[in-house]
Amino acid sequence: MGEKTALAILQGLGDMDAIYSDLEKVRSLEFRGAKKMPEKLAEHKEQGYLSRLLATIKLDVPLDVTADQLANSPEDQDQLLNLFKEAEFKTWVEDLLDSQDAEASDASPVQEDKAETHYSTILTQADFDHWLQRLQQAELFAFDTETTSLNYMQAQLVGVSFAISPHEAAYLPFAHDYLGVPDQLERADVLAQLKPLLENPKLAKVGQNLKYDMSVLARYDITLRGIAYDTMLESYVLNSTGSRHDMDTLALTHLGESTIHFEDIAGKGKGQLTFNQITIEEAGPYAAEDADITLRLHQNLWPRLSDEESLANVLSDIEIPLVPVLSRIERNGALIDAYKLNEQSQQLGQRIDELELQAHEAAGKAFNLASPKQLGEILFTELGLPVVKKTPKGAPSTAEAVLVELALDYPLPKIILEHRSLSKLKSTYTDKLPTMIDPDTGRIHTSYHQAVTATGRLSSSDPNLQNIPVRSEEGRRIRQAFIAPAGYTLLAADYSQIELRIMAHLSADKGLLDAFAHGLDVHQATAAEVFGVELDAVSSNQRRNAKAINFGLIYGMSAFGLGRQLNIGRNQAQEYINLYFERYPGVKVYMETIKSSAAEKGYVETLFGRRLYLPQINARNGMQRQAAERTAINAPMQGTAADIIKKAMIAVDQWLQDKGDSTGAKIIMQVHDELVLEVPNSELEDITAGLKQRMEDAATLAIPLIVDIGSGKNWDEAH
DNA sequence: GTGGCGTCC
DNA sequence: CAGAGGGACGCCACT
């Protein structure tokens with residue numbers, strides 16, 4: 001091996017004395033992983049470091065020794081192997097120390113004295129009257145519904161529970177229906193008496209995920225108002241990634257209490273009971289506890305939020321007002337053309353079968369194209385194709401980028417690529433979506449999750465409407481199946497370059513601000529600056545490169561990543577990046593500032609004060625630290641964009657609500673920087689204008705926000 | 001349940 | 001020099 005290479009690798013490993021001193025620390029701590037160390041070291045021989053290395057050299061790294069040379073020199077191989085063992089070992093020790101730091105800093109849960117609880121079950125009108133009166137007079141009450149299903153479109157109400165003061169709560173059952181069930185109050189009676197309270201915006205309520213309760217109540221013609229707090233959202237705003245935000249986790253973390261789990265009373269698996277089948281004796285303590293825990297969680301979480309004004313504002317100005325908006329969007333649902341999708345499924349199926357035959361022919365035998373394992377076997381063992389890249393576990397990768405490269409020289413990878421993309425479309429979309437149509441409404445009702453992502457974005461599931469294909473022609477056919485009903489049109493309104501605009505605003509870089517202020521095509525402007533040409537002279541290739549740079553910056557990408565993206569050398573990619581930072585120095589300063597601020601404070605913030613903690617920002621492990629640094633760069637931009645569209649959704653919904661019965665327009669989807677509305681044809685002009693204005697005015701930055709709106713009979717056409 | 005892959009912004 | 005792009009969810013194979 002070349003001397004220079006070996007030296008460079010050694011230098012990269014850093015101070016081995018320090019590594020061994022860390023090792024001593026680990027030993028003396030008797031950290032739980034420490035005793036596994038000898039085995040860990042022994043594993044090194046097994047894990048194929050050399051082959052990984054060879055693959056790496058072949059890929060990109062300009063070492064002054066070629067793979068062939070290395071393969072012929074056992075001494076070089078040994079030396080290199082040893083170096084890699086040490087590097088791996090160092091990483092491993094760092095991970096141990098980091099995770100140990102993290103454990104030490106975790107506050108132990110608050111252990112409250114076990115207070116006596118007073119849970120009751122309301123079975124008589126007299127008891128109900130008593131509670132109604134107390135709820136009327138309460139400053140705030142906790143509220144929870146018990147239902148037959150997690151699906152908000154199907155759920156039937158079985159009972160409700162309330163809490164006004166800690167350790168005291170009541171369950172009011174009205175639809176348990178097992179054999180021998182005691183007399184309960186009538187559901188219709190109960191709801192009629194509760195309706196004025198639940199609809200009164202002045203009566204403040206707290207709940208855990210009240211969006212669900214609101215959606216279920218809407219099925220009984222009750223509009224939940226007075227949503228003052230939501231413990232799930234309180235926890236999320238306090239620390240989006242600190243834990244999950246379900247009630248059982250929160251109770252354990254913040255109250256030190258283990259709650260009754262739904263499975264404890266309903267069982268699990270196939271024989272799981274629905275709530276109406278659970279005895280009132282068992283349901284009572286569970287349901288009452290839910291309300292009690294919710295109230296006590298709120299009393300724990302809210303003071304901590306209100307100590308931090310910006311966090312309290314994120315909760316009160318964004319997340320809480322968004323709850324009813326999301327509930328309405330979900331219940332509105334999207335209309336899809338199931339016939340069209342079924343047709344597409346058939347066509348896709350035929351083409352997939354053809355491709356499978358071709359693949360088996362090319363391979364010389366039958367195999368499962370969907371199995372990366374079997375495919376790797378065929379490609380790399382049977383057919384002897386070169387291994388371009390490996391998965392983290394050491395298996396040859398068959399990811400798209402790899403197959404694209406192989407497809408240049410071999411026939412089979414190309415077949416696999418088409419097979420993969422079509423199978424994906426069929427199984428995930430054209431087969432699946434028609435099965436998700438609600439039988440009552442004939443529409444698709446997704447769930448938006450408000451307390452999932454690290455950055456403040458929403459997520460969507462069952463089905464996920466935020467990853468419907470758009471890039472390929474076949475994919476766009478799926479969007480064509482998202483349609484407007486007769487007499488209606490779909491509007492798709494999306495923010496133009498919102499994250500780059502936010503980068504311009506946050507960094508206050510003059511060049512970038514100017515580009516947006518003058519309404520330039522920002523990628524074209526970037527290209528002109530970086531490549532030193534006039535705006536008009538920017539070639540399409542230069543624009544493409546500039547676009548990759550712009551997006552790379554938002555994600556904290558390295559020269560290596562950019563080089564790979566653009567299929568250019570790392571040095572040239574670095575050159576581009578250097579040029580960019582010369583032209584937009586404010587951006588460079590901002591990136592450095594945000595990283596050091598994150599390192600100092602341990603978190604980053606959006607423009608509106610939403611916080612994301614980055615515990616790994618000071619990790620000893622370089623990889624983990626760098627990953628945290630990339631997040632530190634990305635999260636303020638992604639998170640601010642999320643804040644802005646949430647504000648827009650609230651404003652647009654408010655506007656539509658105020659119009660009341662005079663409009664038939666409704667929001668039906670949100671896809672991160674886009675809102676989709678279904679609008680009666682007669683209102684198109686009015687709604688388009690009002691929508692654009694409200695979205696663009698959702699935040700005031702140093703430069704304008706621009707919203708592009710398209711319309712059509714289907715979602716594809718609306719773009 | 002996990003890992004690999006692929007879809008979106 | 002190592003690995004080297006932020007945030008999600010869903011399907012499939014495999015264990």
# chains A, B, ... in the order shown; residues from 1 in each chain; ligands from 1

call {"tool": "interface_residues", "arguments": {"of": "chain A", "to": "chain C", "cutoff": "7 Å", "atoms": "only C-alpha atoms (C1' of nucleotides)", "output": "JSON, numbers by chain"}}
result
{"A": [8, 9, 12, 370, 371, 428, 459, 461, 464, 552, 555, 556, 557, 558, 560, 561, 631, 634]}

call {"tool": "write_last_selection", "arguments": {"atoms": "N, CA and C atoms", "output": "mmCIF file, in the first residue's frame"}}
result
data_model
loop_
_atom_site.group_PDB
_atom_site.id
_atom_site.type_symbol
_atom_site.label_atom_id
_atom_site.label_comp_id
_atom_site.auth_asym_id
_atom_site.auth_seq_id
_atom_site.Cartn_x
_atom_site.Cartn_y
_atom_site.Cartn_z
ATOM 1 N N ALA A 8 -2.446 8.669 5.925
ATOM 2 C CA ALA A 8 -3.683 9.452 5.970
ATOM 3 C C ALA A 8 -4.736 8.739 6.811
ATOM 4 N N ILE A 9 -4.814 7.448 6.613
ATOM 5 C CA ILE A 9 -5.813 6.697 7.376
ATOM 6 C C ILE A 9 -5.482 6.762 8.867
ATOM 7 N N GLY A 12 -6.424 10.004 10.380
ATOM 8 C CA GLY A 12 -7.872 10.109 10.526
ATOM 9 C C GLY A 12 -8.369 9.417 11.784
ATOM 10 N N ALA A 370 -38.990 -9.730 -6.194
ATOM 11 C CA ALA A 370 -39.232 -8.773 -5.121
ATOM 12 C C ALA A 370 -38.309 -9.011 -3.932
ATOM 13 N N SER A 371 -37.523 -10.081 -3.983
ATOM 14 C CA SER A 371 -36.642 -10.374 -2.859
ATOM 15 C C SER A 371 -35.235 -9.858 -3.136
ATOM 16 N N THR A 428 -48.964 -0.624 -3.700
ATOM 17 C CA THR A 428 -49.151 0.459 -2.734
ATOM 18 C C THR A 428 -50.316 1.376 -3.097
ATOM 19 N N SER A 459 -47.726 14.209 9.343
ATOM 20 C CA SER A 459 -47.566 13.002 8.536
ATOM 21 C C SER A 459 -48.967 12.467 8.276
ATOM 22 N N SER A 461 -51.355 8.837 7.198
ATOM 23 C CA SER A 461 -51.356 7.376 7.058
ATOM 24 C C SER A 461 -52.775 6.868 6.881
ATOM 25 N N ASN A 464 -51.556 6.853 3.332
ATOM 26 C CA ASN A 464 -50.681 8.018 3.258
ATOM 27 C C ASN A 464 -50.984 8.758 1.958
ATOM 28 N N GLY A 552 -29.246 20.672 -2.014
ATOM 29 C CA GLY A 552 -28.215 20.092 -1.171
ATOM 30 C C GLY A 552 -27.954 20.940 0.058
ATOM 31 N N TYR A 555 -30.401 20.505 2.790
ATOM 32 C CA TYR A 555 -30.273 19.240 3.508
ATOM 33 C C TYR A 555 -28.921 19.080 4.177
ATOM 34 N N GLY A 556 -28.060 20.083 4.081
ATOM 35 C CA GLY A 556 -26.741 19.971 4.687
ATOM 36 C C GLY A 556 -25.846 18.981 3.976
ATOM 37 N N MET A 557 -26.005 18.882 2.671
ATOM 38 C CA MET A 557 -25.277 17.863 1.916
ATOM 39 C C MET A 557 -23.795 18.210 1.784
ATOM 40 N N SER A 558 -22.987 17.156 1.642
ATOM 41 C CA SER A 558 -21.537 17.320 1.502
ATOM 42 C C SER A 558 -21.142 17.367 0.030
ATOM 43 N N PHE A 560 -19.288 15.256 -1.382
ATOM 44 C CA PHE A 560 -19.426 13.889 -1.879
ATOM 45 C C PHE A 560 -20.848 13.652 -2.394
ATOM 46 N N GLY A 561 -21.820 14.041 -1.576
ATOM 47 C CA GLY A 561 -23.215 13.822 -1.937
ATOM 48 C C GLY A 561 -23.598 14.595 -3.184
ATOM 49 N N THR A 631 -29.147 18.028 10.544
ATOM 50 C CA THR A 631 -30.493 18.309 11.027
ATOM 51 C C THR A 631 -30.595 19.751 11.522
ATOM 52 N N ASN A 634 -31.143 21.782 8.498
ATOM 53 C CA ASN A 634 -32.400 21.539 7.783
ATOM 54 C C ASN A 634 -33.649 21.889 8.601
#

call {"tool": "interface_residues", "arguments": {"of": "chain B", "to": "chain A", "cutoff": "7 Å", "atoms": "only C-alpha atoms (C1' of nucleotides)", "output": "MDAnalysis selection string"}}
result
chainID B and resid 5 7:9

call {"tool": "select_by_dssp", "arguments": {"residues": "stretch 282-441 of chain A", "states": "helix (DSSP H, G or I)", "output": "PyMOL selection string"}}
result
chain A and resi 282-306+309-332+338-363+372-382+400-407+412-430+432-435

call {"tool": "write_last_selection", "arguments": {"atoms": "C-alpha atoms", "output": "CSV table (one decimal), in the first residue's frame"}}
result
chain,number,residue,atom,x,y,z
A,282,GLU,CA,-63.8,-3.1,33.9
A,283,ALA,CA,-64.4,-0.1,31.6
A,284,GLY,CA,-65.1,2.3,34.4
A,285,PRO,CA,-61.7,2.5,36.1
A,286,TYR,CA,-60.0,2.5,32.6
A,287,ALA,CA,-62.1,5.3,31.2
A,288,ALA,CA,-62.1,7.4,34.3
A,289,GLU,CA,-58.4,7.0,34.6
A,290,ASP,CA,-58.0,8.3,31.0
A,291,ALA,CA,-59.7,11.6,31.9
A,292,ASP,CA,-57.9,11.9,35.3
A,293,ILE,CA,-54.5,11.2,33.8
A,294,THR,CA,-55.2,13.7,31.0
A,295,LEU,CA,-56.0,16.4,33.5
A,296,ARG,CA,-53.0,15.7,35.6
A,297,LEU,CA,-50.7,15.5,32.6
A,298,HIS,CA,-52.0,18.9,31.5
A,299,GLN,CA,-51.2,20.3,35.0
A,300,ASN,CA,-47.7,18.9,34.7
A,301,LEU,CA,-47.0,19.9,31.1
A,302,TRP,CA,-48.7,23.3,30.6
A,303,PRO,CA,-46.7,25.1,33.4
A,304,ARG,CA,-43.5,24.0,31.7
A,305,LEU,CA,-44.7,25.3,28.4
A,306,SER,CA,-46.0,28.6,29.7
A,309,GLU,CA,-43.3,32.0,25.8
A,310,SER,CA,-42.4,30.9,22.3
A,311,LEU,CA,-43.3,27.3,23.0
A,312,ALA,CA,-46.6,28.3,24.5
A,313,ASN,CA,-47.3,30.4,21.4
A,314,VAL,CA,-46.6,27.5,19.1
A,315,LEU,CA,-49.1,25.4,21.0
A,316,SER,CA,-51.8,28.1,21.3
A,317,ASP,CA,-51.4,29.9,18.0
A,318,ILE,CA,-50.7,26.9,15.8
A,319,GLU,CA,-51.2,23.4,17.1
A,320,ILE,CA,-54.4,23.8,19.1
A,321,PRO,CA,-56.2,25.9,16.4
A,322,LEU,CA,-55.1,23.3,13.8
A,323,VAL,CA,-57.0,20.5,15.6
A,324,PRO,CA,-60.5,21.3,14.3
A,325,VAL,CA,-59.1,22.1,10.9
A,326,LEU,CA,-57.4,18.7,10.5
A,327,SER,CA,-60.6,17.0,11.8
A,328,ARG,CA,-62.6,18.7,9.1
A,329,ILE,CA,-60.1,17.9,6.4
A,330,GLU,CA,-60.0,14.3,7.3
A,331,ARG,CA,-63.8,14.0,7.4
A,332,ASN,CA,-64.1,15.8,4.1
A,338,ALA,CA,-62.0,3.3,-8.1
A,339,TYR,CA,-62.9,2.1,-11.6
A,340,LYS,CA,-59.9,3.8,-13.1
A,341,LEU,CA,-57.6,2.5,-10.4
A,342,ASN,CA,-58.8,-1.1,-10.9
A,343,GLU,CA,-58.3,-0.7,-14.6
A,344,GLN,CA,-54.7,0.4,-13.9
A,345,SER,CA,-54.1,-2.5,-11.6
A,346,GLN,CA,-55.0,-4.9,-14.3
A,347,GLN,CA,-52.8,-3.3,-16.9
A,348,LEU,CA,-49.9,-3.1,-14.4
A,349,GLY,CA,-50.4,-6.7,-13.5
A,350,GLN,CA,-50.1,-7.8,-17.1
A,351,ARG,CA,-46.9,-5.8,-17.7
A,352,ILE,CA,-45.4,-7.1,-14.4
A,353,ASP,CA,-46.0,-10.7,-15.5
A,354,GLU,CA,-44.3,-10.0,-18.8
A,355,LEU,CA,-41.3,-8.5,-17.0
A,356,GLU,CA,-41.1,-11.4,-14.6
A,357,LEU,CA,-40.9,-13.9,-17.5
A,358,GLN,CA,-38.2,-11.8,-19.2
A,359,ALA,CA,-36.2,-11.6,-15.9
A,360,HIS,CA,-36.4,-15.3,-15.4
A,361,GLU,CA,-35.2,-15.8,-18.9
A,362,ALA,CA,-32.3,-13.4,-18.5
A,363,ALA,CA,-31.3,-15.0,-15.2
A,372,PRO,CA,-33.5,-8.3,-2.6
A,373,LYS,CA,-31.7,-11.4,-1.3
A,374,GLN,CA,-32.6,-13.7,-4.2
A,375,LEU,CA,-32.0,-10.9,-6.6
A,376,GLY,CA,-28.5,-10.3,-5.2
A,377,GLU,CA,-27.8,-14.0,-5.4
A,378,ILE,CA,-28.7,-14.0,-9.1
A,379,LEU,CA,-27.0,-10.7,-10.1
A,380,PHE,CA,-23.8,-11.0,-8.2
A,381,THR,CA,-23.2,-14.7,-7.7
A,382,GLU,CA,-24.9,-16.4,-10.6
A,400,GLU,CA,-32.2,1.8,-7.7
A,401,ALA,CA,-29.0,3.8,-8.1
A,402,VAL,CA,-27.0,0.6,-8.3
A,403,LEU,CA,-29.3,-1.0,-10.8
A,404,VAL,CA,-29.3,2.1,-13.0
A,405,GLU,CA,-25.5,1.9,-13.1
A,406,LEU,CA,-25.5,-1.8,-13.9
A,407,ALA,CA,-28.3,-1.3,-16.5
A,412,LEU,CA,-31.4,-7.8,-16.3
A,413,PRO,CA,-31.1,-4.8,-14.1
A,414,LYS,CA,-33.2,-2.8,-16.5
A,415,ILE,CA,-36.0,-5.3,-16.3
A,416,ILE,CA,-35.8,-5.3,-12.5
A,417,LEU,CA,-36.0,-1.6,-12.4
A,418,GLU,CA,-39.2,-1.5,-14.4
A,419,HIS,CA,-40.6,-4.4,-12.5
A,420,ARG,CA,-39.9,-2.7,-9.2
A,421,SER,CA,-41.5,0.6,-10.1
A,422,LEU,CA,-44.6,-1.0,-11.5
A,423,SER,CA,-45.0,-3.4,-8.6
A,424,LYS,CA,-44.7,-0.5,-6.2
A,425,LEU,CA,-47.4,1.4,-8.0
A,426,LYS,CA,-49.7,-1.6,-8.1
A,427,SER,CA,-49.4,-2.9,-4.5
A,428,THR,CA,-49.2,0.5,-2.7
A,429,TYR,CA,-51.6,2.5,-4.8
A,430,THR,CA,-53.8,1.1,-7.5
A,432,LYS,CA,-54.7,-0.5,-2.1
A,433,LEU,CA,-56.5,2.8,-2.5
A,434,PRO,CA,-59.8,1.4,-3.7
A,435,THR,CA,-60.0,-0.8,-0.6

call {"tool": "closest_residue", "arguments": {"among": "A:Ala508, A:Ala395, A:Ala546, A:Leu705", "to": "B:DG3", "atoms": "only C-alpha atoms (C1' of nucleotides)"}}
result
A:Ala395

call {"tool": "residues_around", "arguments": {"residues": "stretch 564-576 of chain A", "least_positions_apart": "5", "cutoff": "12 Å", "atoms": "only C-alpha atoms (C1' of nucleotides)", "output": "count of residues only"}}
result
33

call {"tool": "residues_around", "arguments": {"residues": "A:Gln154", "least_positions_apart": "6", "cutoff": "9 Å", "atoms": "only C-alpha atoms (C1' of nucleotides)", "output": "PyMOL selection string"}}
result
chain A and resi 148+216+438
